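Visitor: The structure's right below; bear with me while I get my questions together.
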Amino acid sequence: MCQLEASLESLHARVAHLKGSLQSFILKLENEHDRLTWPSVLDNFALLSGQLNTINKVLKNEKTPSYRSQVIIPLLLSPDRDEELVKLTEQRVPVFSHEIVPDHLRTKPDPEVEEQEKHLSAEAARIGPEVAQKQIQTLNKLCSNLLEKLNNPRDDRDSESSASRQNKPSFNPADTNALVAAVGFGKGLSKCRPPGSVPPGHPGQPTMSTGPTLQQVTIAGTTGHQAGMGGQVAQQQPGQPGKMPSSIKTNIKSASMHPYNR
């Protein structure tokens with residue numbers, strides 16, 4: 001019994017040291033994060049890791065009694081607040097009642113966790129050894145490929161991606177050839193016209209308005225030689241492709257006879 005109490009006191013002291021280191025590190029992270037350097041963070045992690053390893057060594061030591069064989073039995077349960085318990089637990093456990101005891105003294109997982117564990121164990125038992133071995137090999141292969149990709153240098157990955165982009169065509173040659181043939185030679189285009197469309201110059205579609213257009217104003221300000229050229233153009237008859245209507249011819253003649261053009 002004395003050996004058990006001594007080992008518990010030693011373990012309690014080491015856990016208290018670990019707790020103090022954790023509190024100090026958390027305080028630095030919260031209040032000194034702007035002045036905290038990476039080497040200081042690594043030193044704190046190294047301190048915590050060393051303390052955890054020391055506790056594990058103490059638990060695995062041959063002289064340490066087995067805590068698994070010890071049973072903790074609650075002797076007194078009360079729904080009232082216990083100040084001594086609040087002080088020992090640093091205000092985490094105010095009462096020691098029937099509602100709190102099952103959670104704090106539990107030695108098994110929760111019933112829901114136990115059911116899930118049984119379900120997973122039953123599913124694993126239904127899988128045969130050969131199927132399980134194949135699944136293990138597949139998983140190991142995927143993990144190996146993933147580790148190989150992660151361990152490759154970044155330059156190799158960049159070169160592979162650039163090579164794949166260069167080798168992969170960014171267009172379809174057949175579509176390009178069809179587009180060139182359609183634009184250059186009219187290949188594949190429909191020859192029929194949409195309903196209601198009339199070719200330019202045919203009867204029924206006016207090519208120019210009969211009002212004072214831009215062409216009439218330009219002819220009025222030109223010389224007599226240009227007006228003569230306009231008279232020659234006015235000889236074209238309407239109803240033929242490329243011919244000028246008679247109304248335009250009359251306006252051109254009247255413009256050529258204007259006193260300012262004489």
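Starting from 1 in every chain, residues are counted up; chains themselves are A, B, ... following the order of the structure tokens, and ligands are numbered from 1 as listed.
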Could you find all residues in stretch 17-151 of chain A that DSSP calls strand (DSSP E) from the backbone, and write them as a compact mmCIF listing (two decimals) with N, CA and C atoms, in the first residue's frame?

Guide:
```txt
# COMPACT_ATOMS: atom_id res chain seq x y z
N SER A 78 -23.43 13.00 -2.96
CA SER A 78 -24.29 14.05 -2.44
C SER A 78 -24.57 15.07 -3.55
N PRO A 79 -25.81 15.53 -3.64
CA PRO A 79 -26.13 16.55 -4.64
C PRO A 79 -25.72 17.95 -4.21
N ASP A 80 -25.20 18.10 -2.98
CA ASP A 80 -24.81 19.41 -2.49
C ASP A 80 -23.40 19.77 -2.96
N ARG A 81 -23.14 21.07 -2.98
CA ARG A 81 -21.84 21.56 -3.41
C ARG A 81 -20.80 21.24 -2.35
N VAL A 95 -19.91 19.21 -7.53
CA VAL A 95 -20.64 18.24 -6.72
C VAL A 95 -20.23 16.83 -7.15
N PHE A 96 -20.44 15.89 -6.24
CA PHE A 96 -20.15 14.48 -6.52
C PHE A 96 -21.45 13.71 -6.35
```

Visitor: What are the DSSP alpha helix (DSSP H) residues of stretch 40-177 of chain A, as a PyMOL selection string?

Guide: chain A and resi 40-60+83-88+101-104+111-126+129-151+154-167+173-177

Visitor: Hey, can you check how far atom CA of A:Arg126 sits from atom CA of A:Leu139?

Guide: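 Rounded to one decimal, the two atoms are 19.0 Å apart.
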
Visitor: Restricting the calculation to only C-alpha atoms: of A:Ser170, A:Ile136, A:Gln51, A:Ser144, which residue gets closest to A:His17?

Guide: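 Smallest separation from A:His17 among the options: A:Gln51.
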
Visitor: Excluding A:His12 and any residue of its chain fewer than 5 positions from it, enumerate the residues within 12 Å of it, using only C-alpha atoms, and give them as a list in words.

Guide: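 Answer for this query is Glu5, Ala6, Ser7, His17, Leu18, Lys19, Ile55, Val58 and Leu59 of chain A.
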
Visitor: Could you turn the residues from that selection into a file that holds all heavy atoms, as a tab-separated table (two decimals), in the first residue's frame?

Guide:
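Result saved to part_31.tsv:
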```tsv
chain	number	residue	atom	x	y	z
A	5	GLU	N	0.93	4.30	-2.78
A	5	GLU	CA	0.77	5.72	-2.46
A	5	GLU	C	1.98	6.52	-2.94
A	5	GLU	O	1.83	7.65	-3.46
A	5	GLU	CB	0.58	5.89	-0.96
A	5	GLU	CG	-0.74	5.33	-0.44
A	5	GLU	CD	-0.89	5.50	1.05
A	5	GLU	OE1	0.10	5.98	1.68
A	5	GLU	OE2	-1.96	5.17	1.59
A	6	ALA	N	3.18	5.96	-2.80
A	6	ALA	CA	4.38	6.67	-3.24
A	6	ALA	C	4.38	6.87	-4.75
A	6	ALA	O	4.73	7.95	-5.26
A	6	ALA	CB	5.63	5.91	-2.79
A	7	SER	N	3.98	5.84	-5.48
A	7	SER	CA	3.95	5.95	-6.94
A	7	SER	C	2.88	6.95	-7.38
A	7	SER	O	3.08	7.72	-8.33
A	7	SER	CB	3.70	4.58	-7.56
A	7	SER	OG	2.43	4.08	-7.16
A	17	HIS	N	3.65	19.10	-12.96
A	17	HIS	CA	4.67	19.81	-13.75
A	17	HIS	C	4.23	19.94	-15.22
A	17	HIS	O	4.39	21.01	-15.83
A	17	HIS	CB	6.00	19.07	-13.65
A	17	HIS	CG	6.60	19.12	-12.30
A	17	HIS	ND1	7.56	18.22	-11.87
A	17	HIS	CD2	6.39	19.97	-11.25
A	17	HIS	CE1	7.92	18.50	-10.64
A	17	HIS	NE2	7.22	19.56	-10.24
A	18	LEU	N	3.66	18.88	-15.77
A	18	LEU	CA	3.18	18.94	-17.15
A	18	LEU	C	2.06	19.95	-17.29
A	18	LEU	O	2.00	20.72	-18.27
A	18	LEU	CB	2.71	17.55	-17.57
A	18	LEU	CG	2.09	17.43	-18.97
A	18	LEU	CD1	3.09	17.83	-20.04
A	18	LEU	CD2	1.59	16.02	-19.21
A	19	LYS	N	1.18	19.99	-16.32
A	19	LYS	CA	0.09	20.95	-16.35
A	19	LYS	C	0.60	22.39	-16.29
A	19	LYS	O	0.12	23.28	-17.01
A	19	LYS	CB	-0.85	20.66	-15.18
A	19	LYS	CG	-2.03	21.61	-15.09
A	19	LYS	CD	-2.86	21.28	-13.87
A	19	LYS	CE	-3.98	22.28	-13.69
A	19	LYS	NZ	-4.78	22.01	-12.47
A	55	ILE	N	6.53	10.57	-18.00
A	55	ILE	CA	5.35	9.96	-17.37
A	55	ILE	C	5.12	8.56	-17.93
A	55	ILE	O	4.79	7.62	-17.16
A	55	ILE	CB	4.12	10.85	-17.59
A	55	ILE	CG1	4.27	12.16	-16.81
A	55	ILE	CG2	2.84	10.14	-17.16
A	55	ILE	CD1	3.16	13.15	-17.07
A	58	VAL	N	7.54	6.20	-16.31
A	58	VAL	CA	7.16	5.89	-14.92
A	58	VAL	C	6.04	4.86	-14.90
A	58	VAL	O	6.03	3.92	-14.08
A	58	VAL	CB	6.75	7.18	-14.19
A	58	VAL	CG1	6.13	6.85	-12.83
A	58	VAL	CG2	7.94	8.08	-14.01
A	59	LEU	N	5.06	5.00	-15.80
A	59	LEU	CA	3.95	4.05	-15.83
A	59	LEU	C	4.42	2.66	-16.28
A	59	LEU	O	3.86	1.64	-15.84
A	59	LEU	CB	2.86	4.56	-16.76
A	59	LEU	CG	2.13	5.82	-16.29
A	59	LEU	CD1	1.16	6.31	-17.37
A	59	LEU	CD2	1.38	5.55	-14.99
```

Visitor: Tell me, in Å to one decimal, how far atom CA of A:Lys149 is from atom CA of A:Gln133.

Guide: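 For atom CA of A:Lys149 relative to atom CA of A:Gln133, the distance reads 24.4 Å.
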
Visitor: Any idea what's packed within 12 Å of A:Val71, counting only C-alpha atoms, ignoring anything in its chain fewer than 6 positions away? Could you give it as number ranges by chain?

Guide: A: 105-107

Visitor: Just give me the gap between atom CA of A:Ser121 and atom CA of A:Leu142 in Å, one decimal is fine.

Guide: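 Separating atom CA of A:Ser121 from atom CA of A:Leu142 is a distance of 24.2 Å.
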